[in-house]
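Have a look at the structure below, then the notes.
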Amino acid sequence: MYAMWRLQVALCTLSVLSLSSGGESKARSCSEVRQAYNAKGFSLVNVPHQEISGEHLRVCPQGYTCCTSEMEDKLNQQSKLEFEKLVEESSHKMRTTFVSRHKKFDEFFLELLDNSEKSLNSMFTRTYGKLYMQNSEVFQDLFTELKRYYTGGNVNLEEMLNDFWSRLLERMFQLLNSQYHFTDDYLECVSKYTDQLKPFGDIPRKLKAQVTRAFIAARTFVQGLMVGREVANRVAKVNVAPACVKALTRMLYCPYCRGMPGLKPCPNYCHNVMRGCLANQADLDSEWNLFIDAMLLVADRLQGPSNIEAVIQPIDIKISDAIMTMQDNSMQVSAKVFQGCGQPKPSGIGRSVRGISDVFSGRFRPYTPEERPTTAAGTSLDRLVIDIKEKLKESKRFWSNLPDDICAKGKLTEPDEEQCWNSHTKGRYFPEVVKEGLTNQVNNPEVEVDITRPDTLIRQQIMALRVMTNKLKNAYNGNDIYFQDSSDEGSSSGSGSGCSDGCTTEFIFVGTEAPVIGADRSDERAAAAGKSVSCGSSVLLLTVALTLPLWAMQTQWR
């Protein structure tokens, strides 16, 4: 009997201890949470020391909790800020690649042009002396217009080069026939015979083909680097929807409220949250990859027949050869001009003391490899293009891979699938991972995404990439896209390209939302912001009205 009583007492004691233990488990200490919360920079005022009832929580589970409503609101905002930072950091390397390579290529090309102009000026001064110096503006204008085309100016390459050879013919014709007086009307007549007489041989035609292809490829390529930079900068400034913020808070900080601040989310849980929050960014990927492929094609052109170094560096030699051809054929050319334009009046001064054969005192001597100025920006074209191509290839599928890259970044998740946060407690995460892209988020278990409302900014960038990809494909074939500048009356003709004189090698994105981010030339952009440009195709114009860059589209080069 006594033994039975002792057993009953023991059972009652155990029951009391069990109840006491259960009561203590419902009011666990929040010391770890307070420490982690304070480490985030938040004040500990009104932060509970022990768990409290969680009926007030709107995002996290409403059991016993270490979070007040104020704490949950602050953690909600913290989740948004950390997500924005994660996206920006994850895209930083890719974005800076476009910035640095755009700058490098731009410097390279402009310095290459400067070196070529200096080479021509130096050697022509040495070879032709005063005669060159008296007519140097013809050559200076050539390089000025080439630079203006490259930097986005409204320059028709074909017409500009034709004009250069016509002007050179006029000057040469006068020098070689100095015993005559030529009126402006007569010289205009002379220039009309340029194509028929071919006084410079086949050099103008060949040089025009080479220069046109090289400059179209170079200008479009540097524009492409600029577009890639701007698109990446704008898309990296992610628009965080309220549903995304809620899902981020549940994933990153609800473990705090449950008294487990060190518990990290399960990998697949993170993938679903990030794919839901970055659904619109993932939709950019298809057009982005086509854009990168087109950039790689034009890069191949820069290394191939349109190698800008091979075209630009020997311009001085080719022009000199053309001058010598004109000198060799001067008698025949003059006779045909006199026949077509009439016999000019004598100048009364007589032929120059120097004979025709002495006007140009010897064939042009080009720089030796040792004498020629070093190529631009301390590198060679091949090294520069190879480097850019490698970086471009690395950026393919960047936007569709971004959610998974973020989850893998900085040990954001817990690899042990049994010891991770699954949105409500510690344990395995069972839902399947949804695919990337907006339409696939209809079944996302973590983020409520309205698949019927695509992000306007992302759609604008998709269209900007589409326009640039089309331009790159045309440049690969040696063509500029036809353009019409709305600031001019009528449309431009020929194969020229560009926009107004105020343009630079940068695009201006025009849209209804979000200002341009990361602009390098704010003054020039502000000056150009009011200008609008349209493509030759009316269908394309309607399609790209929100995003078309201020660079005008050009006519097809023939």
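Here, A, B, ... name the chains of the structure tokens in the order displayed, residue numbers run from 1 inside each chain, and ligands are numbered from 1 in the same displayed order.
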Worksheet item: Near Glu137 of chain A, counting only C-alpha atoms, which residues have an atom at most 12 Å away, once you skip same-chain residues fewer than 4 positions from it, shown as a PyMOL selection string?
Response: chain A and resi 117+121+131-133+141-145+164+167-168+171
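Around Ile406 of chain A, within 10 Å and counting only C-alpha atoms, the residues found are Phe83, Leu86, Val87, Glu89, Ser90, Ser91, Cys270, His271, Met274, Asn401, Leu402, Pro403, Lys409, Gly410, Lys411, Leu412 and Thr413 of chain A, once anything fewer than 3 positions away on its own chain is removed.
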Response to the item:
Shortest contact to Asn156 of chain A, candidates A:Gln327, A:Phe215, A:Val138, A:Asn443, atoms counted only C-alpha atoms, goes to A:Phe215
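Around Arg275 of chain A, within 9 Å and counting only C-alpha atoms, the residues found are Cys270, His271, Ala279, Ala282, Ser400, Leu402, Pro403, Asp404, Val433, Val434, Lys435, Glu436, Gly437, Leu438, Gln441, Asn444 and Val447 of chain A, once anything fewer than 4 positions away on its own chain is removed.
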Practice prompt. Might you pull out every residue within 10 Å of Val190 of chain A, with only C-alpha atoms counted and same-chain residues fewer than 5 positions away left off, and present them as a ChimeraX atom specification?
Written response: /A:166-167,169-170,173,182,184-185,197,333-334,336-338,340-341
Worksheet item: Can you list every residue in segment 40-167 of chain A that DSSP puts in helix (DSSP H, G or I), as a PyMOL selection string?
Response: chain A and resi 69-128+130-134+136-150+157-167
Mind dumping a table of every segment 192-297 of chain A residue within 10 Å of segment 315-322 of chain A, with the nearest atom pair and its distance in Å to one decimal, using only C-alpha atoms, sorted by chain and rising number, as a Markdown table?
```
| residue | atom | partner | partner_atom | distance |
| --- | --- | --- | --- | --- |
| A:Pro199 | CA | A:Ala322 | CA | 8.2 |
| A:Phe200 | CA | A:Ala322 | CA | 4.7 |
| A:Gly201 | CA | A:Ala322 | CA | 6.8 |
| A:Asp202 | CA | A:Ala322 | CA | 8.5 |
| A:Ile203 | CA | A:Ala322 | CA | 6.2 |
| A:Pro204 | CA | A:Ala322 | CA | 7.8 |
| A:Lys206 | CA | A:Lys318 | CA | 9.8 |
| A:Leu207 | CA | A:Lys318 | CA | 7.8 |
| A:Val211 | CA | A:Ile315 | CA | 9.2 |
```
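For the residues A:Phe139, A:Tyr256, A:Asp480, A:Val59, ranking by smallest atom-to-atom distance to Lys40 of chain A using only C-alpha atoms places A:Tyr256 first.
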